[in-house]
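Data block for model23.txt (compact mmCIF, C-alpha atoms):
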```txt
# COMPACT_ATOMS: atom_id res chain seq x y z
CA MET A 1 -17.03 -7.21 -15.39
CA LEU A 2 -19.70 -7.66 -12.74
CA ASP A 3 -20.19 -4.57 -10.64
CA ASP A 4 -22.78 -5.75 -8.16
CA ILE A 5 -21.59 -4.94 -4.65
CA PRO A 6 -24.19 -6.92 -2.61
CA LEU A 7 -23.57 -9.95 -4.84
CA ARG A 8 -19.82 -9.69 -4.31
CA GLN A 9 -20.28 -9.25 -0.57
CA ASN A 10 -22.32 -12.43 -0.62
CA TRP A 11 -19.74 -14.59 -2.39
CA LEU A 12 -16.85 -13.18 -0.36
CA GLY A 13 -18.86 -13.88 2.82
CA VAL A 14 -19.66 -17.44 1.81
CA LEU A 15 -16.01 -18.10 0.91
CA ALA A 16 -14.71 -16.50 4.13
CA ARG A 17 -16.88 -18.91 6.15
CA ALA A 18 -15.79 -21.97 4.17
CA SER A 19 -12.59 -23.91 4.81
CA ALA A 20 -9.83 -24.16 2.23
CA ALA A 21 -10.49 -27.90 1.88
CA ALA A 22 -14.20 -27.35 1.21
CA ILE A 23 -13.46 -24.67 -1.42
CA ALA A 24 -10.88 -26.89 -3.11
CA ASP A 25 -13.34 -29.80 -3.08
CA HIS A 26 -16.01 -27.84 -4.90
CA LEU A 27 -13.48 -26.38 -7.32
CA GLN A 28 -12.90 -29.88 -8.73
CA ALA A 29 -16.30 -29.61 -10.41
CA ALA A 30 -15.24 -26.41 -12.21
CA PRO A 31 -12.56 -25.68 -14.82
CA ALA A 32 -9.12 -25.04 -13.35
CA LEU A 33 -8.60 -21.48 -12.12
CA PRO A 34 -6.37 -19.35 -14.37
CA ALA A 35 -2.72 -18.90 -13.48
CA HIS A 36 -2.13 -15.97 -11.16
CA GLN A 37 0.46 -13.66 -9.70
CA ARG A 38 0.44 -12.57 -6.08
CA LEU A 39 0.13 -8.83 -5.61
CA ARG A 40 0.18 -8.84 -1.81
CA GLY A 41 0.44 -11.69 0.63
CA PRO A 42 -0.96 -14.16 1.43
CA GLU A 43 -0.23 -12.90 4.91
CA ALA A 44 -1.74 -13.08 8.39
CA GLY A 45 -2.17 -10.07 10.63
CA MET A 46 -4.31 -8.47 13.26
CA ALA A 47 -7.37 -6.26 12.95
CA THR A 48 -8.90 -4.24 15.76
CA LEU A 49 -12.53 -5.01 16.46
CA ARG A 50 -14.65 -2.04 17.41
CA GLY A 51 -17.63 -2.51 19.70
CA ARG A 52 -20.51 -0.37 20.88
CA ILE A 53 -22.77 -0.93 23.87
CA GLY A 54 -26.31 -0.31 22.72
CA GLY A 55 -27.23 1.84 19.76
CA ALA A 56 -26.28 5.06 21.52
CA GLY A 57 -23.11 3.90 23.32
CA ASP A 58 -19.66 5.18 22.50
CA SER A 59 -17.60 2.90 20.33
CA PHE A 60 -14.62 1.24 21.99
CA ASN A 61 -11.89 -1.19 21.04
CA LEU A 62 -13.24 -4.62 21.89
CA GLY A 63 -10.07 -6.52 21.08
CA GLU A 64 -8.11 -7.86 18.19
CA MET A 65 -8.57 -10.81 15.90
CA THR A 66 -6.30 -12.64 13.52
CA ILE A 67 -7.13 -12.26 9.87
CA ALA A 68 -5.46 -13.50 6.71
CA ARG A 69 -5.54 -11.67 3.41
CA CYS A 70 -4.30 -12.06 -0.13
CA SER A 71 -4.57 -10.09 -3.35
CA ILE A 72 -3.82 -11.56 -6.74
CA ARG A 73 -3.92 -10.73 -10.43
CA ASP A 74 -4.75 -13.58 -12.76
CA ALA A 75 -3.52 -14.26 -16.28
CA ALA A 76 -6.33 -12.16 -17.80
CA GLY A 77 -5.47 -9.18 -15.62
CA ARG A 78 -8.45 -9.57 -13.28
CA ILE A 79 -7.76 -8.58 -9.69
CA GLY A 80 -9.18 -10.51 -6.75
CA HIS A 81 -9.00 -10.00 -3.00
CA GLY A 82 -9.47 -12.57 -0.25
CA TYR A 83 -9.96 -11.88 3.46
CA ALA A 84 -10.90 -14.40 6.15
CA ALA A 85 -10.73 -14.81 9.89
CA GLY A 86 -7.88 -17.01 11.08
CA ARG A 87 -4.52 -17.59 9.46
CA ASP A 88 -5.21 -20.11 6.73
CA LEU A 89 -3.11 -18.64 3.93
CA SER A 90 -4.21 -21.24 1.35
CA GLN A 91 -7.84 -20.34 2.03
CA VAL A 92 -7.40 -16.61 1.35
CA GLU A 93 -5.36 -17.27 -1.76
CA LEU A 94 -8.14 -19.50 -3.11
CA ILE A 95 -10.70 -16.82 -2.18
CA ALA A 96 -8.71 -14.16 -4.03
CA ARG A 97 -8.41 -16.36 -7.15
CA LEU A 98 -12.13 -17.14 -7.06
CA ASP A 99 -12.98 -13.48 -6.46
CA ALA A 100 -11.10 -12.60 -9.66
CA VAL A 101 -13.06 -15.04 -11.85
CA LEU A 102 -16.39 -14.40 -10.11
CA GLN A 103 -16.16 -10.74 -11.11
CA ASP A 104 -15.99 -11.77 -14.75
CA ALA A 105 -19.51 -11.65 -16.22
CA GLU A 106 -18.87 -14.69 -18.44
CA LEU A 107 -17.19 -16.92 -15.89
CA HIS A 108 -19.33 -15.91 -12.94
CA GLU A 109 -22.14 -18.41 -13.54
CA LEU A 110 -19.70 -21.30 -13.92
CA TYR A 111 -17.91 -20.81 -10.59
CA ASP A 112 -21.04 -19.57 -8.82
CA LEU A 113 -22.79 -22.87 -9.65
CA ALA A 114 -19.83 -25.07 -8.82
CA VAL A 115 -18.57 -23.42 -5.65
CA ILE A 116 -20.60 -20.58 -4.16
CA ARG A 117 -24.10 -22.08 -4.28
CA PRO A 118 -23.21 -25.49 -2.81
CA LEU A 119 -21.14 -23.81 -0.08
CA ALA A 120 -23.94 -21.35 0.71
CA ALA A 121 -26.46 -24.20 0.84
CA ALA A 122 -24.22 -26.23 3.17
CA GLN A 123 -23.70 -23.21 5.43
CA ALA A 124 -27.45 -22.51 5.50
CA ALA A 125 -28.13 -26.16 6.40
CA THR A 126 -25.58 -26.13 9.24
CA ARG A 127 -27.05 -22.90 10.55
CA ALA A 128 -30.61 -24.24 10.34
CA ALA A 129 -29.57 -27.41 12.19
CA THR A 130 -27.94 -25.38 14.98
CA GLU A 131 -30.96 -23.12 15.21
CA ALA A 132 -33.32 -26.11 15.37
CA LYS A 133 -31.23 -27.63 18.17
CA ALA A 134 -31.27 -24.35 20.07
CA ALA A 135 -35.01 -23.88 19.47
CA ALA A 136 -35.74 -27.29 21.07
CA THR A 137 -34.29 -26.11 24.38
CA GLU A 138 -35.82 -22.65 24.27
CA VAL A 139 -37.40 -21.58 27.59
CA LYS A 140 -40.45 -19.41 27.26
CA PHE A 141 -40.84 -16.82 29.99
CA PHE A 142 -44.30 -15.56 30.90
CA THR A 143 -44.84 -12.44 32.90
CA LEU A 144 -47.30 -12.51 35.79
CA ALA A 145 -49.59 -10.27 33.80
CA THR A 146 -49.77 -12.89 31.04
CA MET A 147 -50.42 -15.75 33.48
CA ARG A 148 -53.28 -13.91 35.18
CA SER A 149 -55.19 -13.26 32.00
CA MET B 1 -1.56 -3.46 -10.71
CA THR B 2 1.80 -5.08 -10.04
CA PRO B 3 3.27 -6.68 -6.88
CA GLY B 4 5.25 -4.72 -4.30
CA PHE B 5 8.30 -6.01 -2.49
CA ALA B 6 8.57 -9.80 -2.63
CA ASP B 7 9.78 -10.13 0.96
CA ALA B 8 11.24 -8.29 3.94
CA MET B 9 14.79 -8.82 2.63
CA GLU B 10 13.99 -6.69 -0.42
CA ALA B 11 12.57 -3.91 1.76
CA GLN B 12 15.62 -4.06 4.02
CA SER B 13 18.12 -3.89 1.15
CA CYS B 14 16.21 -0.89 -0.24
CA PHE B 15 16.31 0.77 3.17
CA ARG B 16 20.05 0.19 3.24
CA ALA B 17 20.39 1.82 -0.21
CA VAL B 18 18.28 4.82 0.86
CA LEU B 19 20.42 5.19 3.99
CA ARG B 20 23.58 5.09 1.90
CA ALA B 21 22.20 7.69 -0.53
CA LEU B 22 21.42 10.09 2.32
CA SER B 23 24.66 9.54 4.22
CA ARG B 24 26.84 9.89 1.12
CA PRO B 25 25.19 12.84 -0.66
CA GLY B 26 25.92 12.99 -4.36
CA GLU B 27 26.84 9.32 -4.70
CA ILE B 28 24.79 7.48 -7.28
CA VAL B 29 23.33 4.49 -5.43
CA THR B 30 21.81 1.58 -7.32
CA ILE B 31 18.70 0.05 -5.82
CA ALA B 32 18.51 -3.69 -6.46
CA THR B 33 14.88 -4.76 -6.73
CA GLY B 34 12.61 -6.58 -9.14
CA LEU B 35 9.81 -4.02 -8.87
CA ILE B 36 7.74 -3.19 -11.94
CA PRO B 37 6.11 0.04 -10.80
CA PRO B 38 3.32 1.80 -12.69
CA PRO B 39 4.48 4.81 -14.72
CA PRO B 40 5.46 7.54 -14.09
CA LEU B 41 7.18 6.03 -11.05
CA SER B 42 10.74 4.90 -11.70
CA VAL B 43 12.02 1.73 -10.04
CA ALA B 44 14.07 3.81 -7.60
CA SER B 45 11.29 6.21 -6.63
CA ALA B 46 8.81 3.34 -6.22
CA ALA B 47 11.30 1.49 -4.01
CA ILE B 48 11.86 4.60 -1.86
CA PHE B 49 8.11 5.06 -1.44
CA LEU B 50 7.54 1.40 -0.54
CA THR B 51 10.45 1.50 1.90
CA LEU B 52 9.63 4.73 3.72
CA ALA B 53 5.87 5.28 3.41
CA ASP B 54 3.32 3.67 5.69
CA ALA B 55 -0.02 4.48 7.28
CA ALA B 56 1.61 7.19 9.42
CA THR B 57 3.05 9.20 6.51
CA SER B 58 1.14 11.02 3.79
CA VAL B 59 2.13 10.95 0.14
CA ALA B 60 1.49 13.29 -2.78
CA LEU B 61 1.60 11.81 -6.27
CA PRO B 62 0.18 13.59 -9.30
CA ASP B 63 -0.70 10.40 -11.17
CA GLU B 64 -3.79 8.46 -10.14
CA ALA B 65 -2.62 4.96 -11.12
CA ALA B 66 0.67 5.40 -9.29
CA ARG B 67 -1.16 6.79 -6.25
CA ASP B 68 -3.57 3.84 -6.17
CA TRP B 69 -0.67 1.41 -6.45
CA LEU B 70 1.21 3.02 -3.61
CA ILE B 71 -1.82 3.29 -1.34
CA PHE B 72 -2.64 -0.38 -1.98
CA HIS B 73 0.84 -1.50 -0.98
CA THR B 74 1.62 0.90 1.89
CA GLY B 75 -1.72 2.14 3.25
CA ALA B 76 -0.30 5.67 3.21
CA PRO B 77 -2.95 8.41 2.98
CA ALA B 78 -2.86 10.71 -0.05
CA ALA B 79 -2.39 14.42 0.61
CA ALA B 80 -1.77 17.65 -1.27
CA ALA B 81 1.86 18.46 -2.02
CA GLN B 82 1.73 21.33 0.51
CA THR B 83 0.98 19.01 3.44
CA ALA B 84 2.45 15.63 2.42
CA ASP B 85 5.45 13.93 4.01
CA PHE B 86 6.60 12.50 0.69
CA VAL B 87 6.11 14.37 -2.57
CA LEU B 88 6.76 12.94 -6.01
CA ALA B 89 7.45 15.26 -8.94
CA GLN B 90 8.93 15.20 -12.42
CA THR B 91 9.91 18.87 -12.27
CA PRO B 92 10.72 20.36 -8.89
CA PRO B 93 7.95 22.42 -7.30
CA PRO B 94 8.91 25.64 -5.45
CA LEU B 95 10.58 24.39 -2.26
CA ASN B 96 8.81 26.93 -0.06
CA LEU B 97 5.47 25.34 -1.03
CA LEU B 98 6.47 22.11 0.69
CA ARG B 99 6.39 21.46 4.41
CA ASN B 100 9.70 22.29 6.05
CA GLY B 101 8.92 21.33 9.63
CA SER B 102 9.51 23.56 12.61
CA ASP B 103 12.55 24.47 14.69
CA ASP B 104 11.31 22.11 17.39
CA ALA B 105 10.51 19.28 14.97
CA PRO B 106 12.63 19.69 11.82
CA GLU B 107 11.94 16.02 11.02
CA ASP B 108 8.45 17.10 9.97
CA GLY B 109 9.94 18.60 6.82
CA ALA B 110 8.84 16.94 3.58
CA THR B 111 10.94 14.65 1.41
CA LEU B 112 10.88 15.50 -2.27
CA ILE B 113 11.36 12.60 -4.68
CA LEU B 114 12.25 13.78 -8.13
CA ASP B 115 11.93 11.40 -11.10
CA VAL B 116 14.13 12.45 -14.00
CA GLU B 117 15.00 11.05 -17.43
CA ASN B 118 18.72 11.23 -16.66
CA PHE B 119 21.05 12.90 -14.22
CA ALA B 120 22.72 15.13 -16.84
CA GLY B 121 22.39 18.85 -16.33
CA ARG B 122 24.23 21.54 -14.46
CA ARG B 123 27.68 20.74 -13.05
CA CYS B 124 27.48 21.15 -9.30
CA ARG B 125 29.90 21.21 -6.41
CA LEU B 126 28.58 19.52 -3.31
CA THR B 127 29.89 20.13 0.19
CA GLY B 128 28.57 19.24 3.61
CA PRO B 129 28.25 16.37 6.06
CA GLY B 130 28.99 13.00 4.49
CA ILE B 131 31.24 14.46 1.78
CA ASP B 132 35.02 14.35 2.13
CA GLY B 133 35.97 17.84 0.98
CA PHE B 134 33.75 18.32 -2.01
CA SER B 135 32.35 16.30 -4.89
CA LEU B 136 31.58 17.34 -8.42
CA ILE B 137 28.54 15.89 -10.15
CA GLU B 138 25.95 16.81 -12.72
CA LEU B 139 22.46 17.43 -11.40
CA PRO B 140 19.31 18.10 -13.45
CA LEU B 141 18.43 21.18 -11.39
CA ASP B 142 17.80 24.70 -12.65
CA LYS B 143 19.05 28.00 -11.32
CA ASN B 144 15.78 28.86 -9.53
CA PHE B 145 15.76 25.59 -7.66
CA LEU B 146 19.38 25.99 -6.58
CA ALA B 147 18.59 29.49 -5.26
CA GLU B 148 15.68 28.02 -3.27
CA TRP B 149 17.94 25.25 -2.02
CA GLN B 150 20.47 27.87 -0.88
CA GLU B 151 17.65 29.55 1.04
CA GLN B 152 17.31 26.38 3.14
CA LYS B 153 20.62 27.15 4.82
CA ARG B 154 19.02 30.27 6.33
CA ILE B 155 16.09 28.37 7.87
CA ALA B 156 18.13 25.39 9.19
CA PRO B 157 17.38 22.98 10.80
CA ARG B 158 14.09 23.27 8.92
CA GLY B 159 14.03 22.27 5.27
CA VAL B 160 13.23 19.69 2.63
CA ASP B 161 15.28 16.60 1.80
CA LEU B 162 15.66 15.54 -1.80
CA PHE B 163 16.04 12.28 -3.70
CA ILE B 164 16.72 12.41 -7.43
CA CYS B 165 15.76 9.15 -9.12
CA CYS B 166 16.49 7.80 -12.57
CA GLU B 167 15.51 4.22 -13.41
CA ASN B 168 17.00 2.15 -10.57
CA ARG B 169 19.55 4.75 -9.46
CA VAL B 170 19.16 7.42 -6.85
CA ILE B 171 21.09 10.43 -5.59
CA GLY B 172 20.29 11.54 -2.04
CA LEU B 173 20.57 15.23 -1.16
CA PRO B 174 19.68 15.86 2.48
CA ARG B 175 18.96 19.46 3.48
CA THR B 176 22.42 19.81 5.04
CA VAL B 177 24.25 19.55 1.71
CA GLN B 178 25.40 22.73 0.00
CA ILE B 179 24.98 22.79 -3.76
CA GLY B 180 27.17 25.26 -5.57
CA THR B 181 27.55 25.67 -9.32
CA VAL B 182 30.89 25.32 -11.05
```
Target format structure tokens, applied to this file:
Amino acid sequence: MLDDIPLRQNWLGVLARASAAAIADHLQAAPALPAHQRLRGPEAGMATLRGRIGGAGDSFNLGEMTIARCSIRDAAGRIGHGYAAGRDLSQVELIARLDAVLQDAELHELYDLAVIRPLAAAQAATRAATEAKAAATEVKFFTLATMRS
Amino acid sequence: MTPGFADAMEAQSCFRAVLRALSRPGEIVTIATGLIPPPPLSVASAAIFLTLADAATSVALPDEAARDWLIFHTGAPAAAAQTADFVLAQTPPPLNLLRNGSDDAPEDGATLILDVENFAGRRCRLTGPGIDGFSLIELPLDKNFLAEWQEQKRIAPRGVDLFICCENRVIGLPRTVQIGTV
């Protein structure tokens, strides 16, 4: 049983940003996930987003967003949870099933290599491409003080 | 960890059973559900908790695994037996320790859910709203508890409502019912 919270946050974050189709694609390179039983969901619902203006501002309710969630127990008794923005129920069920096996110290490496790392790399590449595109149109502002010197 | 209700239909049929138990005090109502609750919860007590508890009601369960299971499925906050809306017990705690609401808001009184091995015990004579005349049943309640129950008549409309659960069967005893011994 892996008990590394930052590591788990990382894989749950990567999976939440990936689409169900992308997760299923990468899963083909790994052994089939164990059979599972649904504990709760998959179901879609709303979550209130809290906002804060500035570091010292009072928090307020910014609005609501749709989220989907699912909790499962697999054949070996491992429990996994999946949460993601949107209402793709197949995505959160896949996340929950992967979360269960990723917490297992022996299976972690297998699924991490097949699914999490390629997805994380793809997400990093997309982000880098967007940032590069934005950087090309960046406008640099100079203050008068800078121009005079 | 085991699943909760499979769908809304199951929750609704359990609500219907709970309603029947409370409106026909003393009748043994069977709750039809496929729940496999963690011990020491019985099927009936687990179904009552899943049906009635939510984020706005607090629950008191002595057992940690059962508490975790219930909180996972309902989002109900855990509380001490003295302040909780729903209290689970295997042997009845003193009734005056539980919340009994106020004259303005008697609905704030706690609901006690008693899990027992079987309903056998003292022969009792029930009278009150929902009972045509009287009904005779056996209840696993001791003399002290019945004296405390009698005391509830004095503080009406305040009081505690009671469910007695055994496997998938439940007897509802709202605070308005009079329990006499035979």
Non-local contacts of A:Leu33 (9 Å; all atoms listed in the file; under 5 positions in same chain excluded) as a ChimeraX atom specification: /A:27,74,97-98,101
Can you build me a table of chain B residues sitting at most 12 Å from chain A, with the closest atom pair per residue and its distance in Å to one decimal, using only C-alpha atoms, sorted by chain and residue number, as CSV?
```
residue,atom,partner,partner_atom,distance
B:Met1,CA,A:Leu39,CA,7.6
B:Thr2,CA,A:Leu39,CA,6.0
B:Pro3,CA,A:Leu39,CA,4.0
B:Gly4,CA,A:Leu39,CA,6.7
B:Phe5,CA,A:Arg40,CA,8.6
B:Ala6,CA,A:Arg40,CA,8.5
B:Asp7,CA,A:Gly41,CA,9.5
B:Ala8,CA,A:Gly41,CA,11.8
B:Leu35,CA,A:Leu39,CA,11.3
B:Ile36,CA,A:Leu39,CA,11.4
B:Pro37,CA,A:Leu39,CA,11.9
B:Trp69,CA,A:Leu39,CA,10.3
B:Phe72,CA,A:Arg40,CA,8.9
B:His73,CA,A:Arg40,CA,7.4
B:Thr74,CA,A:Arg40,CA,10.5
```
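Here atom CA of B:Asp63 and atom CA of B:Glu167 stand 17.5 Å from one another.
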Residue with smallest distance to B:Ala32 - pool B:Ala156, B:Val170, B:Ala84, B:Arg125, counting all atoms listed in the file: B:Val170
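Residues with any atom within 10 Å of stretch 115-117 of chain B, counting all atoms listed in the file and excluding same-chain neighbours fewer than 5 positions away, are Pro40, Leu41, Ser42, Val43, Ala44, Ser45, Ala46, Leu88, Ala89, Gln90, Thr91, Pro92, Pro140, Phe163, Ile164, Cys165, Cys166, Glu167 and Val170 of chain B.
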Tell me, as a PDB file with C-alpha atoms, in the frame of the given file, which residues lie within 7 Å of B:Leu141, counting all atoms listed in the file; anything in the same chain fewer than 5 positions away does not count.
```pdb
ATOM      1  CA  GLY B 121      22.390  18.850 -16.330  1.00  0.00           C
ATOM      2  CA  ARG B 122      24.230  21.540 -14.460  1.00  0.00           C
ATOM      3  CA  LEU B 146      19.380  25.990  -6.580  1.00  0.00           C
TER       4      LEU B 146
END
```
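Close contacts of A:Pro118, defined as residues with an atom at most 12 Å away when counting all atoms listed in the file, with chain neighbours fewer than 2 positions off set aside, comprise Trp11, Val14, Leu15, Ala18, Ala22, Ile23, Asp25, His26, Leu27, Ala29, Tyr111, Asp112, Leu113, Ala114, Val115, Ile116, Ala120, Ala121, Ala122, Gln123, Ala124 and Ala125 of chain A.
In this structure, atom CA of A:Arg50 sits 10.8 Å away from atom CA of A:Met65.
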Point (1.6, 25.4, -3.2) neighbourhood (9 Å, only C-alpha atoms) written as JSON, numbers by chain: {"B": [80, 81, 82, 93, 94, 96, 97, 98]}
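Here atom CA of A:Glu93 is placed at a distance of 24.3 Å from atom CA of B:Thr33.
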Long-range neighbours of A:Ile95 as a list in words, 8 Å cut-off, all atoms listed in the file, 4 positions minimum in chain: Leu12, Leu15, Ala16, Gly80, His81, Gly82, Tyr83, Gln91 and Asp99 of chain A
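The closest residue to A:Ala76, picked from A:Glu43, A:Ile53, A:Ala96, A:Ala35 and counting all atoms listed in the file, is A:Ala35.
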Nearest residue to A:Ala75 from the set A:Pro34, A:Leu7, A:Met46, A:Asn61 (distances using only C-alpha atoms): A:Pro34
Could the centre and edge lengths of an axis-aligned box, enclosing all atoms of stretch 108-124 of chain B in the file with 4 Å extra on each side, be given in Å to one decimal as JSON?
```
{"center_x": 18.1, "center_y": 16.3, "center_z": -3.7, "size_x": 27.2, "size_y": 18.5, "size_z": 35.4}
```
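When all atoms listed in the file are used to measure the gap to B:Ala65, the shortest distance among B:Gly128, B:Arg169, B:Val177, B:Pro38 belongs to B:Pro38.
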